[in-house]
file input_29.cif (mmCIF, C-alpha atoms and all ligand atoms)
data_entry
loop_
_atom_site.label_atom_id
_atom_site.label_comp_id
_atom_site.auth_asym_id
_atom_site.auth_seq_id
_atom_site.Cartn_x
_atom_site.Cartn_y
_atom_site.Cartn_z
CA MET A 1 23.30 175.63 98.16
CA GLY A 2 24.36 173.01 95.66
CA ASP A 3 25.11 169.34 96.06
CA VAL A 4 27.45 166.84 94.53
CA VAL A 5 26.11 163.29 94.25
CA VAL A 6 28.35 160.38 93.30
CA SER A 7 26.64 157.15 92.24
CA ILE A 8 28.33 153.88 91.39
CA ASP A 9 27.03 150.92 89.38
CA ALA A 10 28.55 147.95 91.24
CA GLU A 11 27.93 144.72 89.40
CA LEU A 12 31.10 142.64 88.80
CA ALA A 13 30.30 140.15 85.98
CA TRP A 14 26.55 140.82 86.00
CA GLY A 15 26.94 143.97 83.93
CA TYR A 16 28.05 141.87 80.95
CA HIS A 17 25.83 138.85 81.60
CA ASP A 18 23.64 139.42 78.53
CA LEU A 19 26.48 140.32 76.16
CA PRO A 20 28.58 137.91 74.12
CA THR A 21 31.86 139.06 75.60
CA ALA A 22 33.11 141.00 78.59
CA PRO A 23 36.22 143.16 78.70
CA ASP A 24 39.23 141.52 80.33
CA ARG A 25 39.14 144.04 83.13
CA ILE A 26 36.00 142.37 84.51
CA ASP A 27 38.29 139.58 85.76
CA HIS A 28 39.84 142.19 88.03
CA ALA A 29 36.67 144.09 88.85
CA ARG A 30 37.14 143.47 92.57
CA GLU A 31 40.28 145.59 92.46
CA GLY A 32 38.14 148.37 91.00
CA TRP A 33 35.82 148.21 94.02
CA HIS A 34 38.74 148.46 96.42
CA ALA A 35 40.33 151.29 94.45
CA THR A 36 37.01 153.16 94.46
CA LEU A 37 36.56 152.65 98.18
CA SER A 38 40.03 153.89 98.98
CA LEU A 39 39.69 157.03 96.84
CA LEU A 40 36.33 157.83 98.43
CA ALA A 41 37.96 157.35 101.83
CA LYS A 42 40.98 159.48 100.88
CA HIS A 43 38.71 162.41 100.05
CA ASP A 44 36.01 161.53 102.60
CA VAL A 45 33.28 161.43 99.97
CA PRO A 46 30.16 159.31 100.61
CA ALA A 47 28.57 157.75 97.54
CA THR A 48 25.48 155.82 96.51
CA TRP A 49 26.49 152.27 95.57
CA GLY A 50 23.96 150.54 93.34
CA ILE A 51 24.55 146.88 94.10
CA VAL A 52 23.38 143.96 91.94
CA GLY A 53 21.39 142.00 94.55
CA HIS A 54 22.67 138.57 93.56
CA LEU A 55 26.12 139.67 94.72
CA LEU A 56 24.79 139.55 98.28
CA LEU A 57 24.32 135.77 98.10
CA ASP A 58 27.05 133.55 99.53
CA GLU A 59 26.34 130.95 96.89
CA CYS A 60 23.54 129.59 94.72
CA ASP A 61 22.70 126.50 92.71
CA GLY A 62 21.69 128.51 89.64
CA SER A 63 18.08 127.34 89.66
CA HIS A 64 16.22 130.45 90.91
CA GLU A 65 12.95 128.64 90.24
CA ASP A 66 10.93 131.49 91.70
CA HIS A 67 12.33 134.04 89.22
CA PRO A 68 10.43 134.34 85.90
CA LEU A 69 13.68 134.11 83.92
CA GLY A 70 14.57 130.85 85.68
CA PRO A 71 17.62 128.62 85.41
CA SER A 72 18.61 129.50 81.85
CA TRP A 73 19.26 133.12 82.84
CA PHE A 74 21.04 132.14 86.02
CA SER A 75 23.10 129.22 84.71
CA CYS A 76 26.15 131.50 84.76
CA SER A 77 26.18 131.45 88.52
CA ALA A 78 25.17 127.80 88.95
CA GLY A 79 27.39 125.71 91.11
CA ARG A 80 29.71 128.63 91.74
CA ALA A 81 30.98 130.14 94.82
CA THR A 82 31.53 128.85 98.17
CA VAL A 83 33.83 131.84 98.31
CA ASP A 84 33.35 135.20 96.64
CA ASP A 85 33.55 135.09 92.85
CA ASP A 86 32.33 137.30 89.99
CA TRP A 87 28.66 136.45 90.72
CA HIS A 88 28.66 136.46 94.55
CA ALA A 89 30.43 139.08 96.61
CA PRO A 90 29.01 139.58 100.11
CA LYS A 91 32.43 140.49 101.48
CA LEU A 92 32.88 143.26 98.94
CA VAL A 93 29.49 144.68 99.82
CA GLU A 94 30.38 144.43 103.49
CA ALA A 95 33.55 146.41 102.80
CA VAL A 96 31.38 149.22 101.42
CA ARG A 97 28.91 149.02 104.30
CA SER A 98 31.57 149.09 107.00
CA SER A 99 33.52 151.95 105.45
CA GLU A 100 33.91 155.07 107.58
CA GLN A 101 32.19 157.11 104.89
CA ASP A 102 28.45 156.99 105.21
CA HIS A 103 27.86 155.32 101.86
CA GLU A 104 24.33 154.55 100.77
CA LEU A 105 23.77 150.98 99.62
CA ALA A 106 21.16 150.95 96.89
CA SER A 107 19.70 148.50 94.40
CA HIS A 108 21.04 147.94 90.90
CA SER A 109 18.39 145.18 90.36
CA PHE A 110 18.85 141.51 91.27
CA SER A 111 20.61 140.15 88.20
CA HIS A 112 21.15 143.18 85.95
CA VAL A 113 18.13 142.63 83.70
CA VAL A 114 17.88 145.69 81.45
CA MET A 115 14.33 146.84 82.02
CA ASP A 116 13.49 148.85 78.91
CA VAL A 117 13.93 146.11 76.32
CA ASP A 118 11.24 144.00 74.70
CA GLY A 119 10.25 140.93 76.66
CA VAL A 120 11.01 142.34 80.08
CA THR A 121 7.55 142.10 81.55
CA ARG A 122 6.21 143.69 84.66
CA ALA A 123 6.58 140.30 86.39
CA VAL A 124 10.29 140.18 85.52
CA ALA A 125 10.81 143.75 86.68
CA ASP A 126 8.97 143.01 89.90
CA ALA A 127 11.10 139.91 90.56
CA GLU A 128 14.28 141.90 89.92
CA ILE A 129 13.28 144.63 92.33
CA GLU A 130 11.64 142.50 95.00
CA LYS A 131 14.48 139.97 95.13
CA SER A 132 17.16 142.61 95.35
CA ILE A 133 15.37 144.28 98.24
CA ALA A 134 14.60 140.99 100.02
CA THR A 135 18.18 139.75 99.64
CA ALA A 136 19.44 143.03 101.05
CA GLU A 137 17.06 142.82 103.98
CA ARG A 138 18.43 139.42 104.89
CA ARG A 139 21.81 141.15 105.17
CA GLY A 140 20.33 143.92 107.31
CA LEU A 141 20.40 146.43 104.45
CA ASP A 142 17.60 148.72 103.36
CA PHE A 143 17.65 149.58 99.64
CA GLU A 144 15.68 152.79 99.10
CA SER A 145 17.31 154.06 95.93
CA PHE A 146 17.50 152.35 92.55
CA ILE A 147 19.91 152.53 89.64
CA PHE A 148 18.49 151.01 86.47
CA PRO A 149 20.80 148.55 84.68
CA ARG A 150 22.33 150.34 81.69
CA ASN A 151 20.05 153.28 82.54
CA GLY A 152 17.14 151.46 80.90
CA ILE A 153 14.37 153.27 82.72
CA ALA A 154 11.06 151.37 82.72
CA HIS A 155 8.53 149.86 85.12
CA ARG A 156 8.81 152.77 87.55
CA ASP A 157 5.39 151.87 88.97
CA VAL A 158 6.94 148.64 90.26
CA LEU A 159 9.62 150.62 92.09
CA ALA A 160 6.93 152.69 93.76
CA ASP A 161 4.97 149.57 94.71
CA ARG A 162 8.09 148.13 96.32
CA ALA A 163 8.63 151.27 98.40
CA VAL A 164 11.71 152.47 96.54
CA ARG A 165 12.06 156.25 96.98
CA CYS A 166 14.26 157.41 94.15
CA TYR A 167 16.15 156.49 91.01
CA ARG A 168 18.86 157.93 88.81
CA GLY A 169 17.31 159.45 85.72
CA TRP A 170 18.78 160.55 82.42
CA PRO A 171 20.60 163.83 82.10
CA PRO A 172 18.52 166.69 80.68
CA ASP A 173 19.63 165.63 77.23
CA ARG A 174 20.91 162.19 76.48
CA TRP A 175 24.30 163.14 75.10
CA TYR A 176 25.97 160.55 77.31
CA ASP A 177 24.52 157.58 75.40
CA GLU A 178 27.34 155.43 74.30
CA SER A 179 27.18 156.16 70.61
CA LEU A 180 30.40 157.80 69.60
CA ALA A 181 29.30 160.74 67.53
CA ARG A 182 27.37 162.72 70.11
CA PRO A 183 29.98 162.57 72.88
CA LEU A 184 32.57 163.74 70.37
CA VAL A 185 30.48 166.74 69.49
CA LYS A 186 29.76 167.52 73.11
CA LEU A 187 33.35 166.97 74.12
CA ALA A 188 34.48 169.41 71.49
CA ASP A 189 31.93 171.87 72.86
CA TRP A 190 33.21 171.51 76.37
CA SER A 191 36.84 171.79 75.45
CA ARG A 192 36.54 174.80 73.21
CA LEU A 193 33.73 176.67 74.87
CA GLY A 194 34.26 175.65 78.45
CA THR A 195 30.63 174.82 79.03
CA ALA A 196 29.87 172.60 81.99
CA PRO A 197 27.85 169.40 82.13
CA PRO A 198 24.35 170.02 83.47
CA ILE A 199 23.39 170.89 87.02
CA VAL A 200 20.25 168.80 87.52
CA THR A 201 17.09 169.38 89.47
CA PRO A 202 15.59 166.40 91.30
CA THR A 203 11.88 166.09 90.63
CA VAL A 204 9.04 163.92 91.87
CA ASP A 205 7.53 161.78 89.10
CA GLU A 206 3.93 160.65 88.64
CA HIS A 207 4.57 157.62 90.88
CA GLY A 208 5.86 159.71 93.76
CA LEU A 209 9.45 158.67 93.09
CA VAL A 210 12.26 161.21 93.20
CA ASN A 211 14.22 161.31 89.95
CA VAL A 212 17.81 162.36 90.64
CA PRO A 213 19.10 162.78 87.08
CA ALA A 214 22.67 162.11 86.11
CA SER A 215 24.94 164.96 85.04
CA LEU A 216 28.04 163.17 83.83
CA TYR A 217 29.36 159.65 83.25
CA LEU A 218 33.01 159.97 84.21
CA PHE A 219 34.05 157.42 81.58
CA SER A 220 31.93 158.61 78.68
CA PHE A 221 34.71 159.03 76.23
CA GLU A 222 36.54 155.81 75.51
CA GLY A 223 37.85 154.16 72.36
CA PRO A 224 38.05 156.52 69.37
CA ALA A 225 36.39 159.29 71.36
CA ARG A 226 39.12 159.05 73.94
CA ARG A 227 41.86 159.30 71.34
CA VAL A 228 40.24 162.44 70.02
CA ALA A 229 39.94 163.66 73.59
CA ARG A 230 43.69 163.40 73.97
CA LEU A 231 44.13 165.72 71.02
CA LEU A 232 41.76 168.26 72.50
CA GLY A 233 43.34 168.55 75.88
CA ARG A 234 45.06 166.69 78.58
CA SER A 235 42.02 165.35 80.38
CA PRO A 236 38.87 167.03 79.09
CA ILE A 237 36.54 164.81 81.09
CA VAL A 238 38.25 165.84 84.33
CA SER A 239 38.06 169.48 83.28
CA ALA A 240 34.38 169.03 82.47
CA ALA A 241 33.72 167.38 85.84
CA LYS A 242 35.53 170.21 87.64
CA ARG A 243 33.43 172.75 85.80
CA GLY A 244 30.32 170.86 86.84
CA ILE A 245 31.46 170.85 90.47
CA ASP A 246 32.21 174.58 90.30
CA GLU A 247 28.78 175.23 88.77
CA ALA A 248 27.14 173.36 91.65
CA VAL A 249 28.65 175.78 94.18
CA GLY A 250 25.87 178.16 95.08
CA ALA A 251 23.48 176.55 92.61
CA ASP A 252 20.03 175.32 93.45
CA GLY A 253 20.68 171.87 92.09
CA VAL A 254 22.88 168.82 91.91
CA PHE A 255 26.00 167.84 90.03
CA HIS A 256 25.56 164.08 89.73
CA LEU A 257 28.57 162.06 88.64
CA TRP A 258 28.50 158.32 88.03
CA PHE A 259 30.78 155.46 86.97
CA HIS A 260 31.49 151.74 87.48
CA PRO A 261 34.24 150.45 89.79
CA HIS A 262 35.77 148.52 86.87
CA ASN A 263 36.25 151.83 85.01
CA LEU A 264 39.11 152.50 87.41
CA LEU A 265 41.04 149.64 85.85
CA GLN A 266 41.31 151.54 82.56
CA PRO A 267 44.48 153.51 81.92
CA ASP A 268 44.31 156.72 83.99
CA GLY A 269 41.06 155.57 85.63
CA VAL A 270 42.35 155.98 89.19
CA GLU A 271 43.99 159.32 88.37
CA ARG A 272 40.78 160.58 86.81
CA LEU A 273 38.60 159.79 89.81
CA ASP A 274 41.29 160.98 92.24
CA ALA A 275 41.50 164.37 90.50
CA VAL A 276 37.72 164.81 90.47
CA LEU A 277 37.21 163.79 94.10
CA GLU A 278 40.09 166.02 95.15
CA HIS A 279 38.28 168.93 93.53
CA VAL A 280 35.02 167.98 95.27
CA ALA A 281 36.79 167.92 98.64
CA ARG A 282 38.51 171.26 98.00
CA ARG A 283 35.36 173.06 96.92
CA ARG A 284 33.42 171.57 99.83
CA GLU A 285 36.10 172.98 102.14
CA GLU A 286 36.09 176.43 100.53
CA THR A 287 32.34 176.88 100.03
CA ASP A 288 28.97 175.66 101.27
CA LEU A 289 28.95 172.87 98.66
CA THR A 290 27.69 169.62 100.17
CA VAL A 291 28.11 166.00 99.14
CA ARG A 292 24.98 163.95 99.55
CA THR A 293 23.76 160.50 98.55
CA MET A 294 20.81 159.95 96.24
CA GLY A 295 18.75 158.86 99.26
CA GLU A 296 19.60 162.05 101.15
CA VAL A 297 18.67 164.20 98.17
CA ALA A 298 15.38 162.30 97.82
CA ALA A 299 14.62 162.66 101.51
CA GLY A 300 15.20 166.41 101.19
CA VAL A 301 12.89 166.69 98.20
CA LEU A 302 10.15 164.60 99.79
CA GLY A 303 10.55 166.45 103.10
CA GLU A 304 10.19 169.80 101.37
CA ARG A 305 7.11 168.54 99.59
CA GLY A 306 5.59 167.39 102.87
CA ALA A 307 6.41 170.76 104.41
CA GLU A 308 4.80 172.55 101.45
CA ARG A 309 1.66 170.47 101.84
CA SER A 310 1.37 171.17 105.55
CA ALA A 311 2.00 174.88 104.92
CA HIS A 312 -0.89 174.91 102.45
CA PRO A 313 -3.52 172.61 103.88
CA PRO A 314 -6.50 171.81 101.70
CA THR A 315 -9.19 174.43 102.19
CA ASP A 316 -12.27 172.32 101.45
ZN ZN A 401 22.25 132.46 91.39
ZN ZN A 402 25.02 148.10 85.56
#

call {"tool": "encode", "arguments": {"input": "input_29.cif", "output": "structure tokens"}}
result
Amino acid sequence: MGDVVVSIDAELAWGYHDLPTAPDRIDHAREGWHATLSLLAKHDVPATWGIVGHLLLDECDGSHEDHPLGPSWFSCSAGRATVDDDWHAPKLVEAVRSSEQDHELASHSFSHVVMDVDGVTRAVADAEIEKSIATAERRGLDFESFIFPRNGIAHRDVLADRAVRCYRGWPPDRWYDESLARPLVKLADWSRLGTAPPIVTPTVDEHGLVNVPASLYLFSFEGPARRVARLLGRSPIVSAAKRGIDEAVGADGVFHLWFHPHNLLQPDGVERLDAVLEHVARRREETDLTVRTMGEVAAGVLGERGAERSAHPPTD
């Protein structure tokens, strides 16, 4: 019996904090959250929302003296927000939490520090993880799953120390990286040959964490790649996602789709997600396909492991 997992990197301005410029659509990123929520509600699909922890704060003075990166990193949010802005968004998070769908709220770090780059020490990683979890707890939320900023997977031991249970890993091969050449090649493969993106198998890593790898980034093909995509077919990424969903039916594995809410602000973004979720809902209705969150998948894997251990007790 296969699963579909949908995970969402929810970050508002934090996703572009370390870059010189942000796309204009970030100014409207809140609309992307609402559009995502309403499409998930329309098709009754629960998702795992990786939330940047700082968004849970009502306001801050920008000092963050107890964070190793200190005021220079956080100056962006200094003096902001007595109401929700691009750096603080408790009401948006509450809208996700109070939705009728049983969404999982997960951590996407505290301030979107990309973990696998030089200079990000264990102390920085620990602050990012600890503060996101502590901030969530003050809101009555329990973050058990983690989505690494920009998929920069590092410091997994810190996750384990902080009682995180699972994370989103890379797909079996890293075709989805944002260089243009590889997606073009893969896209051509999909369109001509009809191959599906990978069905993934969650595994337990050496730290006891469940890795729930990604299958497909729903907005992989933008810019020049997207223009080529138009030549290849009407919406090859939607076709690829549908093939992945179909492959998950009856499979012993997961089709794991991910995106950012602000992706929905791109031309055809809403239509793309709507078409994919509609297919998920239809196949779930017709078959034994299930939709689960990352946390539910991890609980299943860890539960099976526990059951295996008790079925085979040590003999010494
Ligand atoms: Zn702050
Ligand atoms: Zn992110």

call {"tool": "residues_around", "arguments": {"input": "input_29.cif", "residues": "Trp49 of chain A", "least_positions_apart": "2", "cutoff": "9 Å", "atoms": "all atoms listed in the file", "output": "NGL selection string"}}
result
:A and (6-10 or 47 or 51 or 96 or 103-108 or 147)

call {"tool": "closest_residue", "arguments": {"input": "input_29.cif", "among": "A:Thr287, A:Thr121, A:Ser75, A:Asn151", "to": "Pro213 of chain A", "atoms": "only C-alpha atoms"}}
result
A:Asn151

call {"tool": "atom_distance", "arguments": {"input": "input_29.cif", "atom1": "atom CA of Tyr16 of chain A", "atom2": "atom ZN of ligand ZN 402 (chain A)"}}
result
8.3 Å

call {"tool": "residues_around", "arguments": {"input": "input_29.cif", "residues": "segment 282-286 of chain A", "least_positions_apart": "4", "cutoff": "10 Å", "atoms": "all atoms listed in the file", "output": "PyMOL selection string"}}
result
chain A and resi 3-4+43+242+245-246+248-249+276-278+290-291

call {"tool": "atom_distance", "arguments": {"input": "input_29.cif", "atom1": "atom CA of Asp118 of chain A", "atom2": "atom CA of Pro68 of chain A"}}
result
14.8 Å

call {"tool": "residues_near_ligand", "arguments": {"input": "input_29.cif", "ligand": "ligand ZN 401 (chain A)", "cutoff": "9 Å", "atoms": "all atoms listed in the file", "output": "VMD selection string"}}
result
chain A and resid 54 to 55 57 59 to 64 71 74 to 80 87 to 88 111

call {"tool": "residues_near_ligand", "arguments": {"input": "input_29.cif", "ligand": "ligand ZN 402 (chain A)", "cutoff": "6 Å", "atoms": "only C-alpha atoms and all ligand atoms", "output": "number ranges by chain"}}
result
A: 9, 11, 15, 149-150

call {"tool": "closest_residue", "arguments": {"input": "input_29.cif", "among": "A:Phe219, A:Leu92, A:His207, A:Val114", "to": "Pro267 of chain A", "atoms": "only C-alpha atoms"}}
result
A:Phe219

call {"tool": "closest_residue", "arguments": {"input": "input_29.cif", "among": "A:Val164, A:Leu12, A:Val297, A:Val280", "to": "Ile26 of chain A", "atoms": "all atoms listed in the file"}}
result
A:Leu12

call {"tool": "decode", "arguments": {"input": "input_29.cif", "residues": "segment 71-112 of chain A", "atoms": "C-alpha atoms", "output": "short mmCIF file (atom, residue, chain, number, x, y, z; two decimals), in the first residue's frame"}}
result
data_model
loop_
_atom_site.label_atom_id
_atom_site.label_comp_id
_atom_site.auth_asym_id
_atom_site.auth_seq_id
_atom_site.Cartn_x
_atom_site.Cartn_y
_atom_site.Cartn_z
CA PRO A 71 22.17 40.78 15.83
CA SER A 72 23.90 41.10 12.47
CA TRP A 73 22.04 38.06 11.13
CA PHE A 74 18.76 39.14 12.65
CA SER A 75 18.91 42.87 11.85
CA CYS A 76 16.39 42.25 9.06
CA SER A 77 13.68 41.62 11.58
CA ALA A 78 14.75 44.27 14.09
CA GLY A 79 12.13 46.71 15.16
CA ARG A 80 9.56 45.10 12.90
CA ALA A 81 6.20 43.80 13.54
CA THR A 82 3.67 44.56 16.03
CA VAL A 83 1.46 42.97 13.43
CA ASP A 84 2.32 40.12 11.09
CA ASP A 85 4.94 41.00 8.48
CA ASP A 86 7.38 39.03 6.31
CA TRP A 87 9.46 37.98 9.35
CA HIS A 88 6.71 37.28 11.91
CA ALA A 89 3.53 35.41 11.07
CA PRO A 90 1.86 33.71 14.03
CA LYS A 91 -1.58 34.21 12.52
CA LEU A 92 -0.60 32.46 9.31
CA VAL A 93 0.75 29.53 11.27
CA GLU A 94 -2.44 29.48 13.32
CA ALA A 95 -4.44 29.31 10.09
CA VAL A 96 -2.56 26.13 9.20
CA ARG A 97 -2.95 24.66 12.68
CA SER A 98 -6.67 25.31 12.88
CA SER A 99 -7.41 23.98 9.41
CA GLU A 100 -9.82 21.04 9.21
CA GLN A 101 -7.13 18.97 7.52
CA ASP A 102 -4.85 17.33 10.01
CA HIS A 103 -1.72 19.13 8.86
CA GLU A 104 1.56 18.40 10.56
CA LEU A 105 3.46 21.47 11.72
CA ALA A 106 7.18 20.81 11.45
CA SER A 107 10.42 22.74 11.74
CA HIS A 108 12.16 24.47 8.85
CA SER A 109 14.85 25.77 11.29
CA PHE A 110 14.61 29.01 13.28
CA SER A 111 15.91 31.57 10.78
CA HIS A 112 16.58 29.57 7.60
#
